[in-house]
Structures are given as C-alpha cells and as structure tokens.
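Here is the structure we will look at, set down as structure tokens.
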Amino acid sequence: MPYPIEEKLVIAVASSALFDLSESDRVFQEQGAIAYRDYQEEHLEVPLDKGVAFPFVRRFLNINKRFPESSPVEVVLLSRNSSITGKRVFRSIEYHRLDISRAAFLEGKSPYPYIPAFNASLFLSSNEQDVLNAIDYKYPAGTVLPSPVVDDEDDFELRIAFDFDGVIADDASERVYKGGELEAFHAHETSKARIPHSPGPLADLFRKLSLLQQLEDEAQETDPDYQRILRTAIVTARSAPAHERVITTLEHWGVDANEVFFLGGMKKDRILNVLKPHMFFDDQRSHLQSDAGNVPMVHIPFGVANHTQSDKVSR
C-alpha cells in the first residue's frame, strides 16, 4: 500500500521528460491525434528509450531502497496523454523497473494545476508553456532542456546542483543587480549580509533534500560503512563579498549543501563538467550551456532574469 503522499518528498514528471518521445511527437505533429493513438497501440510492446530526466528519476527513487521502512520519496507521472495512449508509458515504466504508481493522464490538457494536489515540490517537463504556467501560479517547475542521456548504472550517487538567486532564493537581489552595477550589488548584499533571503521556487525542494541528507547522517552514525547516495551543490555566479548572505540564508533555513561554489563570473560548466550532476537548475538560459553538452539542464523561468533583455553573465 502506498504511503500517504503528504509525508513524502514528491517530484512530478511529464512523460516527455522521463522518456524519449521524439518519434511519437513527430507522428502527432505530422499526422494528428488518431495516427498518434494508432502508433502507440502498434508499439505498445516496444519500451520507450530513456529521456533526459530518467537518470535523475531512477536515482531519486533509489532513496526508498535505502530507507524502505519510511519510503520518503515518490515520483508521480503527470501526462498530457490520454489513459489509452499512456499505456505505453506505463509499460515502459515497468520495463525500466521504476517504482512509479501514481499518475494523471489528461488527454491533451496541461497538467500543471495538479502539482499541489500531488504535494509535488518539483514538476519537470519538456513542455515550456506548461512550466511557464506553473511558475505563474507560483508552483515549483522547470523545463528540461535537450541533452544526451548518460545513465551509468554503476554510479549509484545522485548529484543535484542548483543556482541560488531565482532558484533556491527569490530574485530580490537579482533585481538590484539588473538595475545597477556590480559595485552597487555588492554594497547592497553586504549591507544585508545578516538578513536571509525569502524562498525561491525550489526552496521547498532544497529543504526536503536536506531532510533526506539528515536521514543519511543518521544512517552513517549507525553504520560507518554506509555509502551516501545524495549529494547537493550550489553553483552561483556570486563572489565575495556577496557570498555571506547565501550562507546566512542557508543557516537561517537550517539547511546546507555538500558543496558551494562562488564563481564570480566564471563559466559554470567548468564546475559542472567536474561535478557531473544528474540535474542542474538555473533561472538563466545563458548559464544552461555546456561545451561538453553532457550536463542535464533545467531552466527555471522565474523572476527578473526572465523578464528583461539584459542578461549579464557575471555578478
């Protein structure tokens, strides 16, 4: 029997993020809904290939294997498919042995209104409009950008990386930066170094991940040989002296990250290509680029960075 969803860290994912639906989408776009339905029926026994979010989702669900008594996490499928065309999606979930049991099939309608109904702290989709709608309603959501799927099954660790402003925290400081110069931004942040930021769209996700890390702390205290599965990082363009307010915010919330990088305008992929996160969340598309092209990126279309023409890379 499923555990109460209110007691879990829930991530909602669209089938377009979990699996590679490029061929199916081509049929839909070129031939229409009836042909799409026929295509899915004809290929019902053909498992869908892994999508960009698959390695992240698989490792996230593995947390329950470490803590089977509480099963603290869950993934819910939110799909624009109908229940009939969605049969192939669930067959593929079974084939890939993903422990996903809850789903909503909405027959072409956007699934974003159901994010709070499923207690989701994150909604991942490749449909940018669905994500924009979710953010407009202050729901936590991100657009999964195209990238090669790398899923090393010998790598059990789950690495999640976050930008800070406009992702974990709100965009108040970003607004100051956009409206002035670097010196003014540093002066503003220094004057407020002891004042924590208000939460951003993924603050709840970050806090709940920290609670999972506390479970791992307890497991490691009981068993020194316990191998940790979850690793979090903050990768921000901030540098000193604007760094202190980030630390103040984390301390005020009672959370922490395993690694924090203050890059001062360096290209983020220099860190990401070493860290190799299974998902990196940023509010600025200019930061969601990797020369190697092998880092799964999620755009959080929140705040001033997504409403101005100016897009300074460093601050």
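We name chains A, B, ... following the order of the structure tokens; residues begin at 1 in each chain, and ligands are numbered from 1 as shown.
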Per residue of segment 179-234 of chain A within 12 Å of segment 263-273 of chain A, what are the shortest atom pair and its distance in Å to one decimal, counting only C-alpha atoms, with rows by chain and residue number, as JSON lines?
```
{"residue": "A:Leu182", "atom": "CA", "partner": "A:Gly264", "partner_atom": "CA", "distance": 10.6}
{"residue": "A:His186", "atom": "CA", "partner": "A:Gly264", "partner_atom": "CA", "distance": 11.5}
{"residue": "A:Ala233", "atom": "CA", "partner": "A:Leu272", "partner_atom": "CA", "distance": 9.9}
{"residue": "A:Ile234", "atom": "CA", "partner": "A:Leu263", "partner_atom": "CA", "distance": 10.5}
```
Members of segment 182-234 of chain A assigned strand (DSSP E or B) by DSSP, as a short mmCIF file (atom, residue, chain, number, x, y, z; two decimals) with N, CA, C and O atoms, in the first residue's frame:
```
data_model
loop_
_atom_site.label_atom_id
_atom_site.label_comp_id
_atom_site.auth_asym_id
_atom_site.auth_seq_id
_atom_site.Cartn_x
_atom_site.Cartn_y
_atom_site.Cartn_z
N PRO A 199 12.23 32.69 0.28
CA PRO A 199 12.35 31.48 -0.53
C PRO A 199 12.07 31.72 -2.01
O PRO A 199 11.23 32.53 -2.39
N LEU A 230 23.03 10.71 -1.74
CA LEU A 230 22.59 12.04 -2.16
C LEU A 230 23.69 13.08 -1.93
O LEU A 230 24.27 13.15 -0.85
N ARG A 231 23.95 13.88 -2.96
CA ARG A 231 24.97 14.92 -2.89
C ARG A 231 24.41 16.18 -3.55
O ARG A 231 23.95 16.13 -4.70
N THR A 232 24.40 17.29 -2.83
CA THR A 232 23.85 18.54 -3.36
C THR A 232 24.94 19.59 -3.49
O THR A 232 25.93 19.58 -2.75
N ALA A 233 24.74 20.50 -4.44
CA ALA A 233 25.71 21.57 -4.67
C ALA A 233 24.98 22.85 -5.05
O ALA A 233 23.92 22.81 -5.67
N ILE A 234 25.54 23.96 -4.65
CA ILE A 234 25.09 25.28 -5.10
C ILE A 234 26.21 25.86 -5.97
O ILE A 234 27.36 25.92 -5.53
#
```
Could you list, as an MDAnalysis selection string, every residue within 10 Å of segment 108-125 of chain A, counting only C-alpha atoms and ignoring same-chain residues fewer than 2 positions away?
chainID A and resid 5:18 33 53 74:82 102:106 127:135 137 139:145 201:208 298:300
Determine, counting only C-alpha atoms, which protein, DNA and RNA residues have an atom within 8 Å of an atom of segment 60-66 of chain A; residues of the same chain fewer than 3 positions away are not included. Present the result as a PyMOL selection string.
chain A and resi 56-57+70-75+98-99+158+229
Within 9 Å of Glu244 of chain A, counting only C-alpha atoms, which residues show up once you throw out same-chain ones fewer than 4 positions away? Write them as a list of chain:residue names, please.
A:Glu189, A:Thr190, A:Ala193, A:Arg194, A:Ala240, A:Thr248, A:Thr249
Using only all heavy atoms, please write the residues we just selected to a file, as a tab-separated table (two decimals), in the first residue's frame.
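Wrote out.tsv, looks like this:
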```tsv
chain	number	residue	atom	x	y	z
A	189	GLU	N	24.26	43.71	-0.99
A	189	GLU	CA	24.33	42.40	-0.34
A	189	GLU	C	25.16	42.45	0.95
A	189	GLU	O	24.85	41.75	1.91
A	189	GLU	CB	24.90	41.37	-1.31
A	189	GLU	CG	23.96	41.04	-2.46
A	189	GLU	CD	22.61	40.56	-1.98
A	189	GLU	OE1	22.51	39.41	-1.52
A	189	GLU	OE2	21.63	41.36	-2.06
A	190	THR	N	26.19	43.27	0.97
A	190	THR	CA	26.98	43.42	2.19
A	190	THR	C	26.16	44.05	3.31
A	190	THR	O	26.22	43.62	4.47
A	190	THR	CB	28.24	44.27	1.92
A	190	THR	OG1	29.03	43.64	0.90
A	190	THR	CG2	29.07	44.43	3.18
A	193	ALA	N	23.90	41.35	4.74
A	193	ALA	CA	24.58	40.06	4.89
A	193	ALA	C	23.96	39.19	5.97
A	193	ALA	O	24.02	37.96	5.90
A	193	ALA	CB	26.06	40.29	5.19
A	194	ARG	N	23.34	39.84	6.98
A	194	ARG	CA	22.76	39.08	8.09
A	194	ARG	C	21.25	38.91	7.94
A	194	ARG	O	20.58	38.42	8.86
A	194	ARG	CB	23.08	39.76	9.41
A	194	ARG	CG	24.57	39.80	9.72
A	194	ARG	CD	24.85	40.41	11.08
A	194	ARG	NE	26.29	40.44	11.36
A	194	ARG	CZ	26.82	40.89	12.48
A	194	ARG	NH1	26.02	41.36	13.45
A	194	ARG	NH2	28.13	40.89	12.64
A	240	ALA	N	32.67	36.85	-3.32
A	240	ALA	CA	32.83	37.73	-2.17
A	240	ALA	C	32.83	39.19	-2.65
A	240	ALA	O	33.38	39.47	-3.72
A	240	ALA	CB	34.11	37.40	-1.43
A	248	THR	N	24.18	32.99	5.18
A	248	THR	CA	23.19	33.40	6.17
A	248	THR	C	21.84	32.77	5.90
A	248	THR	O	21.16	32.29	6.82
A	248	THR	CB	23.05	34.94	6.18
A	248	THR	OG1	24.27	35.53	6.61
A	248	THR	CG2	21.92	35.39	7.10
A	249	THR	N	21.43	32.77	4.64
A	249	THR	CA	20.13	32.20	4.26
A	249	THR	C	20.06	30.71	4.57
A	249	THR	O	19.09	30.23	5.16
A	249	THR	CB	19.86	32.44	2.76
A	249	THR	OG1	19.90	33.85	2.49
A	249	THR	CG2	18.52	31.88	2.35
```
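Comparing A:Arg58, A:Arg238, A:Pro47, A:Ala305 by their smallest distance to Asp170 of chain A, the closest is A:Ala305 (using only C-alpha atoms).
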Neighbouring residues of Met297 of chain A were defined as those with any atom within 9 Å, considering only C-alpha atoms; residues of the same chain fewer than 2 positions away were excluded. Please report them as a ChimeraX atom specification.
/A:52,143-147,278-282,288-289,295,299
Pick from A:Ser101, A:Arg159, A:Glu41, A:Phe67, whichever lies nearest to Thr85 of chain A using only C-alpha atoms
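Of A:Ser101, A:Arg159, A:Glu41, A:Phe67, the one nearest Thr85 of chain A is A:Glu41, counting only C-alpha atoms.
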Got a sec to tell me which of segment 107-298 of chain A DSSP assigns to alpha helix (DSSP H), as a ChimeraX atom specification?
/A:128-136,172-178,182-191,203-222,243-253,269-275
Write out as number ranges by chain the residues lying within 10 Å of Arg175 of chain A, counting only C-alpha atoms and excluding same-chain residues fewer than 6 positions away.
A: 165-166, 185, 303-305
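Residue nearest His188 of chain A, chosen from A:Asp49, A:Glu251, A:Glu174, A:Glu69 and counting only C-alpha atoms: A:Glu174.
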In Å, with one decimal, what is the gap from atom CA of Arg91 of chain A to atom CA of Asp25 of chain A?
18.0 Å
